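Okay, target-v5.pdb is below, PDB, C-alpha atoms:
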ATOM      1  CA  MET A   1      -6.983   7.764 -57.046  1.00  0.00           C
ATOM      2  CA  SER A   2      -3.699   6.234 -55.787  1.00  0.00           C
ATOM      3  CA  ASN A   3      -2.249   5.249 -59.180  1.00  0.00           C
ATOM      4  CA  ALA A   4      -3.221   8.502 -60.922  1.00  0.00           C
ATOM      5  CA  VAL A   5      -0.297  10.135 -62.685  1.00  0.00           C
ATOM      6  CA  ILE A   6      -2.499  13.156 -63.497  1.00  0.00           C
ATOM      7  CA  GLN A   7      -5.129  14.734 -61.239  1.00  0.00           C
ATOM      8  CA  LEU A   8      -7.060  17.917 -61.952  1.00  0.00           C
ATOM      9  CA  HIS A   9      -9.442  19.311 -59.363  1.00  0.00           C
ATOM     10  CA  GLN A  10     -11.794  22.143 -60.369  1.00  0.00           C
ATOM     11  CA  VAL A  11      -9.286  23.491 -62.886  1.00  0.00           C
ATOM     12  CA  SER A  12     -10.296  26.644 -64.756  1.00  0.00           C
ATOM     13  CA  LYS A  13      -8.379  28.805 -67.201  1.00  0.00           C
ATOM     14  CA  SER A  14      -9.603  32.323 -67.870  1.00  0.00           C
ATOM     15  CA  TYR A  15      -8.428  35.279 -69.936  1.00  0.00           C
ATOM     16  CA  GLN A  16      -9.383  38.908 -69.503  1.00  0.00           C
ATOM     17  CA  MET A  17     -10.561  40.443 -72.787  1.00  0.00           C
ATOM     18  CA  ALA A  18     -11.429  44.121 -72.401  1.00  0.00           C
ATOM     19  CA  ASP A  19     -14.318  44.153 -69.911  1.00  0.00           C
ATOM     20  CA  GLU A  20     -15.086  40.454 -70.325  1.00  0.00           C
ATOM     21  CA  THR A  21     -13.631  37.322 -68.780  1.00  0.00           C
ATOM     22  CA  PHE A  22     -13.320  34.429 -71.222  1.00  0.00           C
ATOM     23  CA  TYR A  23     -13.162  30.909 -69.777  1.00  0.00           C
ATOM     24  CA  ALA A  24     -11.213  28.430 -71.900  1.00  0.00           C
ATOM     25  CA  LEU A  25     -11.685  25.743 -69.210  1.00  0.00           C
ATOM     26  CA  LYS A  26     -14.358  25.633 -66.520  1.00  0.00           C
ATOM     27  CA  HIS A  27     -14.126  23.593 -63.306  1.00  0.00           C
ATOM     28  CA  VAL A  28     -12.497  20.527 -64.880  1.00  0.00           C
ATOM     29  CA  ASP A  29     -12.120  17.422 -62.697  1.00  0.00           C
ATOM     30  CA  LEU A  30      -9.986  14.703 -64.255  1.00  0.00           C
ATOM     31  CA  ALA A  31      -7.810  11.770 -63.203  1.00  0.00           C
ATOM     32  CA  ILE A  32      -5.617   9.783 -65.584  1.00  0.00           C
ATOM     33  CA  THR A  33      -3.958   6.617 -64.333  1.00  0.00           C
ATOM     34  CA  GLU A  34      -0.683   4.940 -65.237  1.00  0.00           C
ATOM     35  CA  ASN A  35      -0.851   3.125 -68.602  1.00  0.00           C
ATOM     36  CA  ASP A  36      -4.077   4.881 -69.616  1.00  0.00           C
ATOM     37  CA  TYR A  37      -4.573   5.546 -73.365  1.00  0.00           C
ATOM     38  CA  VAL A  38      -6.696   8.674 -73.687  1.00  0.00           C
ATOM     39  CA  ALA A  39      -8.112  10.748 -76.538  1.00  0.00           C
ATOM     40  CA  ILE A  40      -9.132  14.333 -75.812  1.00  0.00           C
ATOM     41  CA  ILE A  41     -11.662  15.281 -78.451  1.00  0.00           C
ATOM     42  CA  GLY A  42     -14.087  18.107 -79.173  1.00  0.00           C
ATOM     43  CA  PRO A  43     -14.880  20.846 -81.675  1.00  0.00           C
ATOM     44  CA  SER A  44     -12.615  23.793 -82.432  1.00  0.00           C
ATOM     45  CA  GLY A  45     -12.618  26.217 -79.514  1.00  0.00           C
ATOM     46  CA  SER A  46     -13.694  23.567 -77.007  1.00  0.00           C
ATOM     47  CA  GLY A  47     -10.585  23.960 -74.814  1.00  0.00           C
ATOM     48  CA  LYS A  48      -8.526  20.997 -76.086  1.00  0.00           C
ATOM     49  CA  SER A  49      -5.364  23.027 -76.670  1.00  0.00           C
ATOM     50  CA  THR A  50      -5.697  24.839 -73.362  1.00  0.00           C
ATOM     51  CA  LEU A  51      -6.092  21.553 -71.509  1.00  0.00           C
ATOM     52  CA  MET A  52      -3.107  20.093 -73.374  1.00  0.00           C
ATOM     53  CA  ASN A  53      -0.959  23.095 -72.423  1.00  0.00           C
ATOM     54  CA  ILE A  54      -1.863  22.670 -68.774  1.00  0.00           C
ATOM     55  CA  LEU A  55      -1.334  18.887 -68.812  1.00  0.00           C
ATOM     56  CA  GLY A  56       2.062  19.428 -70.465  1.00  0.00           C
ATOM     57  CA  CYS A  57       3.131  22.130 -67.979  1.00  0.00           C
ATOM     58  CA  LEU A  58       3.252  24.766 -70.722  1.00  0.00           C
ATOM     59  CA  ASP A  59       0.673  26.782 -68.784  1.00  0.00           C
ATOM     60  CA  THR A  60      -0.883  26.852 -65.319  1.00  0.00           C
ATOM     61  CA  PRO A  61      -4.539  27.018 -64.231  1.00  0.00           C
ATOM     62  CA  SER A  62      -6.186  30.290 -63.252  1.00  0.00           C
ATOM     63  CA  ALA A  63      -8.024  28.369 -60.527  1.00  0.00           C
ATOM     64  CA  GLY A  64      -8.045  24.859 -59.146  1.00  0.00           C
ATOM     65  CA  HIS A  65      -5.214  22.377 -58.672  1.00  0.00           C
ATOM     66  CA  TYR A  66      -3.221  20.184 -61.033  1.00  0.00           C
ATOM     67  CA  GLN A  67      -0.984  17.387 -59.805  1.00  0.00           C
ATOM     68  CA  LEU A  68       1.425  15.614 -62.152  1.00  0.00           C
ATOM     69  CA  ALA A  69       3.353  12.657 -60.731  1.00  0.00           C
ATOM     70  CA  ASN A  70       2.236  13.716 -57.229  1.00  0.00           C
ATOM     71  CA  ARG A  71       3.618  17.235 -57.631  1.00  0.00           C
ATOM     72  CA  ASP A  72       1.376  20.307 -57.485  1.00  0.00           C
ATOM     73  CA  VAL A  73       1.876  22.135 -60.775  1.00  0.00           C
ATOM     74  CA  SER A  74      -0.520  24.957 -59.927  1.00  0.00           C
ATOM     75  CA  THR A  75       1.954  26.926 -57.813  1.00  0.00           C
ATOM     76  CA  MET A  76       5.174  26.297 -59.791  1.00  0.00           C
ATOM     77  CA  ASN A  77       7.309  29.049 -61.279  1.00  0.00           C
ATOM     78  CA  GLU A  78       8.674  28.932 -64.851  1.00  0.00           C
ATOM     79  CA  THR A  79      11.915  27.189 -63.869  1.00  0.00           C
ATOM     80  CA  GLU A  80      10.097  24.497 -61.897  1.00  0.00           C
ATOM     81  CA  LEU A  81       7.616  23.984 -64.747  1.00  0.00           C
ATOM     82  CA  ALA A  82      10.460  23.569 -67.255  1.00  0.00           C
ATOM     83  CA  GLU A  83      12.206  21.005 -65.034  1.00  0.00           C
ATOM     84  CA  LEU A  84       9.023  18.984 -64.564  1.00  0.00           C
ATOM     85  CA  ARG A  85       8.226  19.153 -68.303  1.00  0.00           C
ATOM     86  CA  ASN A  86      11.637  17.770 -69.169  1.00  0.00           C
ATOM     87  CA  GLU A  87      11.384  15.034 -66.572  1.00  0.00           C
ATOM     88  CA  ALA A  88       7.774  13.895 -66.831  1.00  0.00           C
ATOM     89  CA  VAL A  89       6.324  14.795 -70.258  1.00  0.00           C
ATOM     90  CA  GLY A  90       7.236  13.659 -73.752  1.00  0.00           C
ATOM     91  CA  PHE A  91       5.670  15.886 -76.445  1.00  0.00           C
ATOM     92  CA  ILE A  92       4.768  14.870 -79.996  1.00  0.00           C
ATOM     93  CA  PHE A  93       3.522  17.713 -82.205  1.00  0.00           C
ATOM     94  CA  GLN A  94       1.672  17.827 -85.526  1.00  0.00           C
ATOM     95  CA  SER A  95       4.503  19.765 -87.188  1.00  0.00           C
ATOM     96  CA  PHE A  96       7.271  17.491 -85.783  1.00  0.00           C
ATOM     97  CA  ASN A  97       9.270  20.500 -84.422  1.00  0.00           C
ATOM     98  CA  LEU A  98      12.632  19.013 -85.391  1.00  0.00           C
ATOM     99  CA  LEU A  99      15.794  21.116 -85.643  1.00  0.00           C
ATOM    100  CA  PRO A 100      16.332  21.338 -89.441  1.00  0.00           C
ATOM    101  CA  ARG A 101      20.134  21.559 -89.408  1.00  0.00           C
ATOM    102  CA  ALA A 102      20.658  18.870 -86.750  1.00  0.00           C
ATOM    103  CA  THR A 103      20.974  15.170 -87.488  1.00  0.00           C
ATOM    104  CA  VAL A 104      18.357  12.665 -86.392  1.00  0.00           C
ATOM    105  CA  LEU A 105      20.618  11.584 -83.524  1.00  0.00           C
ATOM    106  CA  ALA A 106      21.220  15.159 -82.374  1.00  0.00           C
ATOM    107  CA  ASN A 107      17.476  15.911 -82.462  1.00  0.00           C
ATOM    108  CA  VAL A 108      16.716  12.933 -80.242  1.00  0.00           C
ATOM    109  CA  MET A 109      19.554  13.810 -77.842  1.00  0.00           C
ATOM    110  CA  GLN A 110      18.308  17.391 -77.502  1.00  0.00           C
ATOM    111  CA  PRO A 111      15.993  16.907 -74.450  1.00  0.00           C
ATOM    112  CA  LEU A 112      18.943  15.351 -72.565  1.00  0.00           C
ATOM    113  CA  ILE A 113      21.083  18.508 -72.765  1.00  0.00           C
ATOM    114  CA  TYR A 114      20.084  19.558 -69.262  1.00  0.00           C
ATOM    115  CA  ARG A 115      20.669  16.132 -67.717  1.00  0.00           C
ATOM    116  CA  LEU A 116      23.872  15.799 -65.685  1.00  0.00           C
ATOM    117  CA  ILE A 117      25.056  12.755 -67.608  1.00  0.00           C
ATOM    118  CA  ALA A 118      27.978  12.033 -69.926  1.00  0.00           C
ATOM    119  CA  ASN A 119      27.565  12.693 -73.629  1.00  0.00           C
ATOM    120  CA  SER A 120      28.172   9.000 -74.311  1.00  0.00           C
ATOM    121  CA  GLN A 121      25.182   8.149 -72.118  1.00  0.00           C
ATOM    122  CA  ARG A 122      23.025  10.718 -73.931  1.00  0.00           C
ATOM    123  CA  LYS A 123      24.014   9.123 -77.223  1.00  0.00           C
ATOM    124  CA  ALA A 124      23.244   5.624 -75.929  1.00  0.00           C
ATOM    125  CA  LEU A 125      19.779   6.704 -74.718  1.00  0.00           C
ATOM    126  CA  ALA A 126      19.042   8.397 -78.063  1.00  0.00           C
ATOM    127  CA  LEU A 127      20.134   5.301 -80.004  1.00  0.00           C
ATOM    128  CA  GLU A 128      17.898   3.164 -77.784  1.00  0.00           C
ATOM    129  CA  ALA A 129      14.910   5.439 -78.514  1.00  0.00           C
ATOM    130  CA  LEU A 130      15.616   5.404 -82.257  1.00  0.00           C
ATOM    131  CA  GLN A 131      15.883   1.634 -82.207  1.00  0.00           C
ATOM    132  CA  ARG A 132      12.477   1.554 -80.543  1.00  0.00           C
ATOM    133  CA  VAL A 133      10.851   3.470 -83.414  1.00  0.00           C
ATOM    134  CA  GLY A 134      12.710   1.597 -86.140  1.00  0.00           C
ATOM    135  CA  LEU A 135      15.118   4.345 -87.204  1.00  0.00           C
ATOM    136  CA  ALA A 136      18.464   3.215 -85.818  1.00  0.00           C
ATOM    137  CA  ASP A 137      19.844   3.293 -89.371  1.00  0.00           C
ATOM    138  CA  LYS A 138      18.980   6.992 -89.893  1.00  0.00           C
ATOM    139  CA  THR A 139      21.089   8.593 -87.149  1.00  0.00           C
ATOM    140  CA  GLY A 140      23.172  10.755 -89.519  1.00  0.00           C
ATOM    141  CA  HIS A 141      20.296  11.955 -91.701  1.00  0.00           C
ATOM    142  CA  LEU A 142      18.856  15.454 -91.597  1.00  0.00           C
ATOM    143  CA  PRO A 143      15.076  15.905 -91.208  1.00  0.00           C
ATOM    144  CA  ASN A 144      14.667  17.031 -94.838  1.00  0.00           C
ATOM    145  CA  GLN A 145      16.089  13.688 -95.959  1.00  0.00           C
ATOM    146  CA  LEU A 146      13.248  11.810 -94.261  1.00  0.00           C
ATOM    147  CA  SER A 147       9.604  11.155 -95.139  1.00  0.00           C
ATOM    148  CA  GLY A 148       6.826  12.673 -93.031  1.00  0.00           C
ATOM    149  CA  GLY A 149       6.275   9.378 -91.236  1.00  0.00           C
ATOM    150  CA  GLN A 150       9.981   9.018 -90.472  1.00  0.00           C
ATOM    151  CA  ARG A 151      10.120  12.578 -89.126  1.00  0.00           C
ATOM    152  CA  GLN A 152       7.224  11.820 -86.799  1.00  0.00           C
ATOM    153  CA  ARG A 153       9.027   8.661 -85.642  1.00  0.00           C
ATOM    154  CA  VAL A 154      12.049  10.818 -84.829  1.00  0.00           C
ATOM    155  CA  ALA A 155       9.748  13.120 -82.848  1.00  0.00           C
ATOM    156  CA  ILE A 156       8.367  10.104 -80.959  1.00  0.00           C
ATOM    157  CA  ALA A 157      11.907   8.893 -80.225  1.00  0.00           C
ATOM    158  CA  ARG A 158      12.746  12.374 -78.910  1.00  0.00           C
ATOM    159  CA  ALA A 159       9.680  12.205 -76.662  1.00  0.00           C
ATOM    160  CA  LEU A 160      10.691   8.755 -75.379  1.00  0.00           C
ATOM    161  CA  VAL A 161      14.359   9.507 -74.724  1.00  0.00           C
ATOM    162  CA  THR A 162      13.813  11.025 -71.256  1.00  0.00           C
ATOM    163  CA  LYS A 163      11.640   8.050 -70.209  1.00  0.00           C
ATOM    164  CA  PRO A 164       8.749  10.375 -69.285  1.00  0.00           C
ATOM    165  CA  ARG A 165       5.700   9.547 -67.160  1.00  0.00           C
ATOM    166  CA  ILE A 166       3.322  10.559 -69.984  1.00  0.00           C
ATOM    167  CA  LEU A 167       3.436  10.911 -73.769  1.00  0.00           C
ATOM    168  CA  LEU A 168       1.339  13.864 -74.923  1.00  0.00           C
ATOM    169  CA  GLY A 169       0.466  14.100 -78.621  1.00  0.00           C
ATOM    170  CA  ASP A 170      -1.072  17.220 -80.154  1.00  0.00           C
ATOM    171  CA  GLU A 171      -2.735  16.141 -83.433  1.00  0.00           C
ATOM    172  CA  PRO A 172       0.284  13.841 -84.007  1.00  0.00           C
ATOM    173  CA  THR A 173      -0.956  12.526 -87.372  1.00  0.00           C
ATOM    174  CA  GLY A 174      -2.347  15.824 -88.700  1.00  0.00           C
ATOM    175  CA  ASN A 175       0.356  16.208 -91.366  1.00  0.00           C
ATOM    176  CA  LEU A 176       0.460  12.560 -92.469  1.00  0.00           C
ATOM    177  CA  ASP A 177      -1.282  10.618 -95.219  1.00  0.00           C
ATOM    178  CA  SER A 178      -3.678   7.785 -94.352  1.00  0.00           C
ATOM    179  CA  LYS A 179      -1.175   4.925 -94.710  1.00  0.00           C
ATOM    180  CA  THR A 180       1.492   6.689 -92.633  1.00  0.00           C
ATOM    181  CA  THR A 181      -1.157   7.587 -90.062  1.00  0.00           C
ATOM    182  CA  LYS A 182      -1.975   3.892 -89.635  1.00  0.00           C
ATOM    183  CA  ASP A 183       1.721   3.110 -89.140  1.00  0.00           C
ATOM    184  CA  ILE A 184       2.176   5.853 -86.522  1.00  0.00           C
ATOM    185  CA  MET A 185      -0.988   4.830 -84.669  1.00  0.00           C
ATOM    186  CA  ALA A 186       0.216   1.202 -84.651  1.00  0.00           C
ATOM    187  CA  LEU A 187       3.388   2.495 -82.953  1.00  0.00           C
ATOM    188  CA  PHE A 188       1.334   4.395 -80.342  1.00  0.00           C
ATOM    189  CA  ASP A 189      -0.736   1.235 -79.761  1.00  0.00           C
ATOM    190  CA  GLN A 190       2.442  -0.773 -79.211  1.00  0.00           C
ATOM    191  CA  LEU A 191       3.905   1.841 -76.846  1.00  0.00           C
ATOM    192  CA  HIS A 192       0.705   1.702 -74.822  1.00  0.00           C
ATOM    193  CA  GLN A 193       0.882  -2.088 -74.645  1.00  0.00           C
ATOM    194  CA  GLU A 194       4.431  -1.725 -73.321  1.00  0.00           C
ATOM    195  CA  GLY A 195       3.132   0.338 -70.404  1.00  0.00           C
ATOM    196  CA  HIS A 196       3.311   3.963 -71.524  1.00  0.00           C
ATOM    197  CA  THR A 197       0.647   6.477 -70.489  1.00  0.00           C
ATOM    198  CA  ILE A 198      -0.501   8.210 -73.683  1.00  0.00           C
ATOM    199  CA  ILE A 199      -2.769  11.235 -74.164  1.00  0.00           C
ATOM    200  CA  LEU A 200      -3.676  12.300 -77.694  1.00  0.00           C
ATOM    201  CA  VAL A 201      -5.428  15.562 -78.511  1.00  0.00           C
ATOM    202  CA  THR A 202      -7.278  15.051 -81.783  1.00  0.00           C
ATOM    203  CA  HIS A 203     -10.276  16.076 -83.842  1.00  0.00           C
ATOM    204  CA  GLU A 204     -10.141  12.867 -85.895  1.00  0.00           C
ATOM    205  CA  GLN A 205     -12.491  10.114 -84.754  1.00  0.00           C
ATOM    206  CA  ASP A 206     -10.361   7.434 -86.434  1.00  0.00           C
ATOM    207  CA  ILE A 207      -7.458   8.412 -84.178  1.00  0.00           C
ATOM    208  CA  ALA A 208      -9.614   8.597 -81.053  1.00  0.00           C
ATOM    209  CA  ASP A 209     -10.977   5.120 -81.797  1.00  0.00           C
ATOM    210  CA  HIS A 210      -7.548   3.633 -81.018  1.00  0.00           C
ATOM    211  CA  CYS A 211      -7.737   4.895 -77.447  1.00  0.00           C
ATOM    212  CA  GLN A 212      -9.253   3.070 -74.499  1.00  0.00           C
ATOM    213  CA  ARG A 213     -10.787   6.226 -73.070  1.00  0.00           C
ATOM    214  CA  MET A 214     -12.346   9.285 -74.687  1.00  0.00           C
ATOM    215  CA  ILE A 215     -12.802  12.682 -73.051  1.00  0.00           C
ATOM    216  CA  ARG A 216     -15.015  15.081 -74.995  1.00  0.00           C
ATOM    217  CA  LEU A 217     -14.712  18.797 -74.280  1.00  0.00           C
ATOM    218  CA  VAL A 218     -17.397  21.323 -75.204  1.00  0.00           C
ATOM    219  CA  ASP A 219     -17.121  25.019 -74.295  1.00  0.00           C
ATOM    220  CA  GLY A 220     -14.333  24.352 -71.792  1.00  0.00           C
ATOM    221  CA  GLU A 221     -16.182  21.639 -69.883  1.00  0.00           C
ATOM    222  CA  ILE A 222     -16.012  17.856 -69.949  1.00  0.00           C
ATOM    223  CA  GLU A 223     -19.218  16.771 -71.617  1.00  0.00           C
ATOM    224  CA  GLN A 224     -18.357  13.054 -71.789  1.00  0.00           C
ATOM    225  CA  ASP A 225     -15.695  10.817 -70.255  1.00  0.00           C
ATOM    226  CA  PHE A 226     -16.083   7.166 -71.160  1.00  0.00           C
ATOM    227  CA  ARG A 227     -14.245   3.914 -71.777  1.00  0.00           C
ATOM    228  CA  ASN A 228     -14.011   2.739 -75.379  1.00  0.00           C
ATOM    229  CA  PRO A 229     -14.504  -1.056 -75.562  1.00  0.00           C
ATOM    230  CA  GLN A 230     -13.241  -1.032 -79.157  1.00  0.00           C
ATOM    231  CA  GLY A 231      -9.956   0.631 -78.171  1.00  0.00           C
ATOM    232  CA  VAL A 232      -6.394  -0.520 -78.653  1.00  0.00           C
ATOM    233  CA  ALA A 233      -7.225  -4.230 -78.299  1.00  0.00           C
ATOM    234  CA  SER A 234      -9.065  -4.199 -81.623  1.00  0.00           C
ATOM    235  CA  HIS A 235      -6.004  -2.741 -83.383  1.00  0.00           C
ATOM    236  CA  ALA A 236      -3.408  -5.012 -81.827  1.00  0.00           C
TER     237      ALA A 236
END

Would you give me this structure, written as structure tokens?
Amino acid sequence: MSNAVIQLHQVSKSYQMADETFYALKHVDLAITENDYVAIIGPSGSGKSTLMNILGCLDTPSAGHYQLANRDVSTMNETELAELRNEAVGFIFQSFNLLPRATVLANVMQPLIYRLIANSQRKALALEALQRVGLADKTGHLPNQLSGGQRQRVAIARALVTKPRILLGDEPTGNLDSKTTKDIMALFDQLHQEGHTIILVTHEQDIADHCQRMIRLVDGEIEQDFRNPQGVASHA
């Protein structure tokens, strides 16, 4: 698939446990194209987290091949994985993962530390990302001075600041109330409409319903992969 930003071919992930081999993923074939809006769903223990770790270059397959942005992740060492993560993937986590003693601006600048650019340019990129999520007036605040929804917006700005190929959310609304969840999902919907490729790992059907494509994992295998006609268009 020529416009695929992600391609997995027969990807498996196994762990040796005493005399047994446990397969977290089994022979997964998957292609995700530019500007796709995907929910990865399934019961606990289905392999969602393992797949997310591989997609985000936090782990590598035991077998098979994974290409991200036309680069073969399967054979990369730790340094190469870290470089590709920083360049191509923007992470949004359930627990926000913000630095508690750093300001909002410093948190958003953090992924740019390893970029060979002037500090003034880092600051400008961070301000641009904060403007995008509606928090340009909170640059000097600390995380504990923000609401849960604002902290997740900071986390989204941090994910956007490197202009990554994909945004990868791991239960991104898991710590939010229902009203704030709607606000954050409206932001994801808007980011998708602007051209971002978004993958959300979730166990909540209401969150998955925003996405244009759903991939259901069961026991480490893709049980269903289908387009959702009621996706983002119905929430726009």

Which polymer residues have any atom within 9 Å of an atom of Leu176 (chain A), counting all atoms listed in the file, with same-chain residues fewer than 4 positions away left out, as a ChimeraX atom specification? /A:94,148-149,152,172,180-181

For the selection you just gave me, I'd like the residues written to a file as a PDB file, keeping the file's coordinate frame, keeping C-alpha atoms.
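Writing the result to part-v6.pdb gives the following:
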ATOM      1  CA  GLN A  94       1.672  17.827 -85.526  1.00  0.00           C
ATOM      2  CA  GLY A 148       6.826  12.673 -93.031  1.00  0.00           C
ATOM      3  CA  GLY A 149       6.275   9.378 -91.236  1.00  0.00           C
ATOM      4  CA  GLN A 152       7.224  11.820 -86.799  1.00  0.00           C
ATOM      5  CA  PRO A 172       0.284  13.841 -84.007  1.00  0.00           C
ATOM      6  CA  THR A 180       1.492   6.689 -92.633  1.00  0.00           C
ATOM      7  CA  THR A 181      -1.157   7.587 -90.062  1.00  0.00           C
TER       8      THR A 181
END

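Taking only C-alpha atoms into account, Leu125 (chain A) lies nearest to A:Arg158 out of the set A:Glu223, A:Met76, A:Arg158, A:Leu146.
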
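Here CA of Leu200 (chain A) is placed at a distance of 27.8 Å from CA of Ala124 (chain A).
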
Given the file shown, determine the residues that the PyMOL selection byres ((chain A and resi 107) around 12) selects; report them as number ranges by chain. A: 96-106, 108-113, 122-123, 126-127, 129-130, 138-143, 151-159, 161

Just how far from CA of Tyr37 (chain A) is CA of Gly231 (chain A), in Å to one decimal? 8.7 Å

Residues matched by the PyMOL selection byres ((chain A and resi 54) around 10), written as a PyMOL selection string: chain A and resi 8+11+13+49-53+55-61+66+73-74

Just so the selection is clear, what residues does the PyMOL selection byres ((chain A and resi 91) around 7) cover here, as a VMD selection string? chain A and resid 89 to 90 92 to 93 159 167 to 169
